[in-house]
Every structure is written in structure tokens, then in C-alpha cells.
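Below is one structure; the comments refer to it alone.
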Amino acid sequence: MKKLPVILLFLFAGIAATAQQRALRYSFTYDTLLAKPRMLVTVSFRGDSSGHTELLLPDAWASQKELYKAVSHLEAVTPGVRIDTTADPTRRMLQHAPGAELTLAYELRQDWSGSFVYPKNYRAVLQRTWMQSTGYALLVKPSWDKDAQVAL
């Protein structure tokens, strides 16, 4: 098998990002070259003006918990960014230049084995010839106000 590049750009509500909106840009590459398939993900966004941005890892969806266990190798692509762990395994704290444009990369792997039956469909499912995941199980994202307008 070979790497299959997948680039998804979503525009929330069909409008471009404005000064009041925040923009998130994701790119995905589905890598089936290894024994265990993985999704290579990059995410870019502007960090908070304080120079400290909280990052959220997948937590729970439906009956599935600890979705963050499928995320590994989280690293800053942007030079000078530090990623600190916290007491909560679903949160990281980014230290960066105030308001800097940040790019992070991580791997998503299927963190369970066995048959694909309910409720495993709520976790990341990465097989040799196909994959399936909800956004809750796939996306690492900044902790922004839940009412904020976001362009993806």
C-alpha cells in the first residue's frame, strides 16, 4: 500500500474567516505503509495573544472514553513552541510568541483491537483499506470559546 494524501478544507457557514473569526486548517495523510495504519495530521491556527494557548485532545464521544489514547507524537512544527503536559490527559498548554501562527503535527492510530462492532464506531478506526472517525475522536484543537465563529 502507499500513502494516500487527503487534504480537507471546510468552510464553516460558507464564509471566509474575518477578524472576528478564528481559522483552523487541518491536513490529513492516511499512511498504510506500516504494519498498523495511521493518520498523520497537521493543524494550524493563530495562538492566543497571551502567548499561552490551551490545546484539547479527543476526550469522549457517546459511550467511548479516553479517545486521546489514539493520539501520539504530538509535536510543534512551528519553531520556538513548547508543548507542556497538564494534570488532565486531554489538555496540553502551548507556550509560544504572543499571537503567533502555530502549526502542530500528530499521529492518530486505532487504539483498540477486535471486531468492528458498536460502540467501536465512536473511536478512530484505521484499517489497511479504509478508515472511519468522528471529529470528536480525530481532531486536536485549541480551547476556544464554544460560541466563537470558526472557519475550518
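Lettering and numbering for the C-alpha cells are positional, with chains as A, B, ... in the shown order, residues counted from 1 in each chain, and ligands counted from 1 in the shown order.
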
Need to verify the contact set: A:Met131, 10 Å, only C-alpha atoms, exclusion of same-chain residues closer than 4 positions in sequence. Can you return it as a PDB file with C-alpha atoms, in the first residue's frame?
ATOM      1  CA  TYR A  30      -3.528   8.293   5.567  1.00  0.00           C
ATOM      2  CA  PRO A  37      -2.128   2.183   9.580  1.00  0.00           C
ATOM      3  CA  ARG A  38      -2.013   5.736  10.890  1.00  0.00           C
ATOM      4  CA  MET A  39      -3.423   9.138  10.066  1.00  0.00           C
ATOM      5  CA  GLN A 110      -6.536   2.830  16.140  1.00  0.00           C
ATOM      6  CA  ALA A 124     -10.844   6.097  15.454  1.00  0.00           C
ATOM      7  CA  VAL A 125     -10.988   3.124  13.072  1.00  0.00           C
ATOM      8  CA  LEU A 126      -7.939   2.793  10.816  1.00  0.00           C
ATOM      9  CA  GLN A 127      -7.778  -0.332   8.678  1.00  0.00           C
TER      10      GLN A 127
END

Can you pull out the residues contacting A:Leu56? Cut-off 9 Å, using only C-alpha atoms, and skip same-chain residues under 4 positions away; I want them as a list in words.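 Everything that qualifies: Thr90, Arg91, Arg92, Met93, Leu139, Val140, Lys141, Pro142 and Ser143 of chain A.
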
Would you put the residues from that selection into a file with C-alpha atoms, as an mmCIF file, in the first residue's frame?
data_model
loop_
_atom_site.group_PDB
_atom_site.id
_atom_site.type_symbol
_atom_site.label_atom_id
_atom_site.label_comp_id
_atom_site.auth_asym_id
_atom_site.auth_seq_id
_atom_site.Cartn_x
_atom_site.Cartn_y
_atom_site.Cartn_z
ATOM 1 C CA THR A 90 -6.940 15.617 27.416
ATOM 2 C CA ARG A 91 -5.251 19.026 27.717
ATOM 3 C CA ARG A 92 -1.870 20.471 26.781
ATOM 4 C CA MET A 93 -0.589 24.002 27.262
ATOM 5 C CA LEU A 139 -9.239 16.357 15.999
ATOM 6 C CA VAL A 140 -6.808 18.046 18.350
ATOM 7 C CA LYS A 141 -7.889 21.680 18.659
ATOM 8 C CA PRO A 142 -7.318 24.874 20.624
ATOM 9 C CA SER A 143 -9.612 25.533 23.575
#

Residue with smallest distance to A:Ser44 - pool A:Thr78, A:Ser113, A:Ser133, A:Thr103, counting only C-alpha atoms: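 Nearest candidate to A:Ser44 out of A:Thr78, A:Ser113, A:Ser133, A:Thr103: A:Thr103.
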
Taking the DSSP assignment computed from this structure's backbone, write out as a PyMOL selection string all residues of chain A that belong to strand (DSSP E). chain A and resi 4-6+22-23+25-31+38-46+52-56+71-76+82-85+91-95+101-109+125-126+131-132+141-142+150-151

When you look at A:Lys120 with a cut-off of 12 Å (counting only C-alpha atoms), what residues show up, excluding the ones that are within fewer than 4 positions of it in the same chain? I need them as an MDAnalysis selection string. chainID A and resid 61:65 67 110:116 124:126 132:134 137

Output C-alpha atoms of each residue in that selection to a file, as a PDB file, in the first residue's frame.
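Written out: again18.pdb:
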ATOM      1  CA  TRP A  61     -17.964  10.692  22.461  1.00  0.00           C
ATOM      2  CA  ALA A  62     -21.136   8.692  23.069  1.00  0.00           C
ATOM      3  CA  SER A  63     -20.129   5.743  25.272  1.00  0.00           C
ATOM      4  CA  GLN A  64     -16.430   5.899  24.384  1.00  0.00           C
ATOM      5  CA  LYS A  65     -13.923   7.435  26.811  1.00  0.00           C
ATOM      6  CA  LEU A  67     -10.166   8.938  22.987  1.00  0.00           C
ATOM      7  CA  GLN A 110      -6.536   2.830  16.140  1.00  0.00           C
ATOM      8  CA  ASP A 111      -6.194   2.170  19.874  1.00  0.00           C
ATOM      9  CA  TRP A 112      -8.299  -0.975  20.090  1.00  0.00           C
ATOM     10  CA  SER A 113      -8.427  -4.427  18.506  1.00  0.00           C
ATOM     11  CA  GLY A 114     -11.120  -6.923  17.684  1.00  0.00           C
ATOM     12  CA  SER A 115     -14.238  -6.798  15.544  1.00  0.00           C
ATOM     13  CA  PHE A 116     -15.670  -3.537  14.285  1.00  0.00           C
ATOM     14  CA  ALA A 124     -10.844   6.097  15.454  1.00  0.00           C
ATOM     15  CA  VAL A 125     -10.988   3.124  13.072  1.00  0.00           C
ATOM     16  CA  LEU A 126      -7.939   2.793  10.816  1.00  0.00           C
ATOM     17  CA  GLN A 132     -13.639   5.998   9.787  1.00  0.00           C
ATOM     18  CA  SER A 133     -13.683   8.547  12.564  1.00  0.00           C
ATOM     19  CA  THR A 134     -15.855  11.252  14.027  1.00  0.00           C
ATOM     20  CA  ALA A 137     -12.143  11.133  18.024  1.00  0.00           C
TER      21      ALA A 137
END

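Residue nearest A:Leu24, chosen from A:Ile83, A:Asp88, A:Ala97, A:Gln149 and counting only C-alpha atoms: A:Gln149.
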
So what do you get for atom CA of A:Gly47 versus atom CA of A:Tyr122, distance-wise?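 Between atom CA of A:Gly47 and atom CA of A:Tyr122 the gap is 29.4 Å.
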
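The space separating atom CA of A:Tyr68 from atom CA of A:Gly80 comes to 24.4 Å.
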
Can you check which residues of stretch 22-70 of chain A DSSP gives as helix (DSSP H, G or I) on the backbone and send them as an MDAnalysis selection string? chainID A and resid 67:70

Using only C-alpha atoms, which of the listed residues (A:Glu54, A:Tyr136, A:Leu40, A:Thr86) sits closest to A:Glu66? A:Tyr136

What is the atom CA of A:Leu108-atom CA of A:Arg128 distance in Å, reported with one decimal? 14.0 Å

Counting only C-alpha atoms, the residue of A:Val41, A:Val150, A:Thr129, A:Thr85 that sits nearest A:Ser27: A:Val41

Polymer residues at most 12 Å from A:Glu101, only C-alpha atoms, same-chain spacing of 2 or more positions, as a list in words: Arg22, Ala23, Leu24, Arg25, Val43, Ser44, Phe45, Arg46, Gly47, Asp48, Ser49, Gly51, Thr53, Ala76, Val77, Thr78, Pro79, Gly80, Val81, His96, Ala97, Pro98, Gly99, Thr103 and Leu104 of chain A

Selection file, C-alpha atoms, as a tab-separated table (two decimals), in the first residue's frame:
chain	number	residue	atom	x	y	z
A	22	ARG	CA	-10.72	32.17	14.16
A	23	ALA	CA	-9.34	29.90	11.48
A	24	LEU	CA	-8.32	26.26	11.85
A	25	ARG	CA	-6.56	24.47	8.99
A	43	VAL	CA	-3.33	21.63	12.36
A	44	SER	CA	-2.58	25.35	12.05
A	45	PHE	CA	-4.12	28.30	13.88
A	46	ARG	CA	-3.20	31.61	15.49
A	47	GLY	CA	-2.16	31.27	19.13
A	48	ASP	CA	-3.60	33.46	21.85
A	49	SER	CA	-2.24	36.98	22.32
A	51	GLY	CA	1.45	33.52	24.39
A	53	THR	CA	-2.87	28.56	24.30
A	76	ALA	CA	5.17	21.62	17.28
A	77	VAL	CA	6.17	22.19	13.66
A	78	THR	CA	6.49	25.92	14.37
A	79	PRO	CA	9.93	26.64	15.90
A	80	GLY	CA	10.01	28.02	19.43
A	81	VAL	CA	6.72	26.46	20.56
A	96	HIS	CA	4.63	30.50	22.11
A	97	ALA	CA	5.22	34.04	20.90
A	98	PRO	CA	2.09	36.15	21.51
A	99	GLY	CA	-0.40	35.80	18.64
A	103	THR	CA	1.39	24.51	13.29
A	104	LEU	CA	1.27	21.22	15.18

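Distance annotation: of A:Ala148, A:Glu107, A:Phe28, A:Leu102, the residue with the minimal separation from A:His52 is A:Leu102; atom set is only C-alpha atoms.
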
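Minimum atom-to-atom distances from A:Ala87, A:Asp145, A:Tyr26, A:Trp130 to A:Ala105 were compared using only C-alpha atoms, and the lowest value belongs to A:Tyr26.
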
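Shell of A:Tyr106 at 7 Å, with only C-alpha atoms counted and residues fewer than 6 places along the chain excluded, is Leu40, Val41, Thr42, Val71, Ser72, His73, Leu74 and Glu75 of chain A.
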
Restricting it to N, CA and C atoms, dump the selection as a PDB file, in the first residue's frame.
ATOM      1  N   LEU A  40      -1.716  10.808   9.654  1.00  0.00           N
ATOM      2  CA  LEU A  40      -0.809  11.896  10.007  1.00  0.00           C
ATOM      3  C   LEU A  40      -1.596  13.189   9.856  1.00  0.00           C
ATOM      4  N   VAL A  41      -1.649  13.973  10.917  1.00  0.00           N
ATOM      5  CA  VAL A  41      -2.492  15.169  10.940  1.00  0.00           C
ATOM      6  C   VAL A  41      -1.637  16.386  11.255  1.00  0.00           C
ATOM      7  N   THR A  42      -1.868  17.474  10.531  1.00  0.00           N
ATOM      8  CA  THR A  42      -1.317  18.769  10.917  1.00  0.00           C
ATOM      9  C   THR A  42      -2.482  19.719  11.119  1.00  0.00           C
ATOM     10  N   VAL A  71      -4.082   9.350  20.044  1.00  0.00           N
ATOM     11  CA  VAL A  71      -3.210  10.437  19.589  1.00  0.00           C
ATOM     12  C   VAL A  71      -1.801  10.211  20.136  1.00  0.00           C
ATOM     13  N   SER A  72      -0.808  10.284  19.251  1.00  0.00           N
ATOM     14  CA  SER A  72       0.582  10.146  19.695  1.00  0.00           C
ATOM     15  C   SER A  72       1.477  11.088  18.898  1.00  0.00           C
ATOM     16  N   HIS A  73       2.700  11.207  19.348  1.00  0.00           N
ATOM     17  CA  HIS A  73       3.726  12.006  18.669  1.00  0.00           C
ATOM     18  C   HIS A  73       3.262  13.438  18.382  1.00  0.00           C
ATOM     19  N   LEU A  74       2.584  14.046  19.343  1.00  0.00           N
ATOM     20  CA  LEU A  74       2.172  15.445  19.208  1.00  0.00           C
ATOM     21  C   LEU A  74       3.415  16.320  19.306  1.00  0.00           C
ATOM     22  N   GLU A  75       3.634  17.134  18.275  1.00  0.00           N
ATOM     23  CA  GLU A  75       4.809  18.000  18.274  1.00  0.00           C
ATOM     24  C   GLU A  75       4.513  19.314  17.570  1.00  0.00           C
TER      25      GLU A  75
END
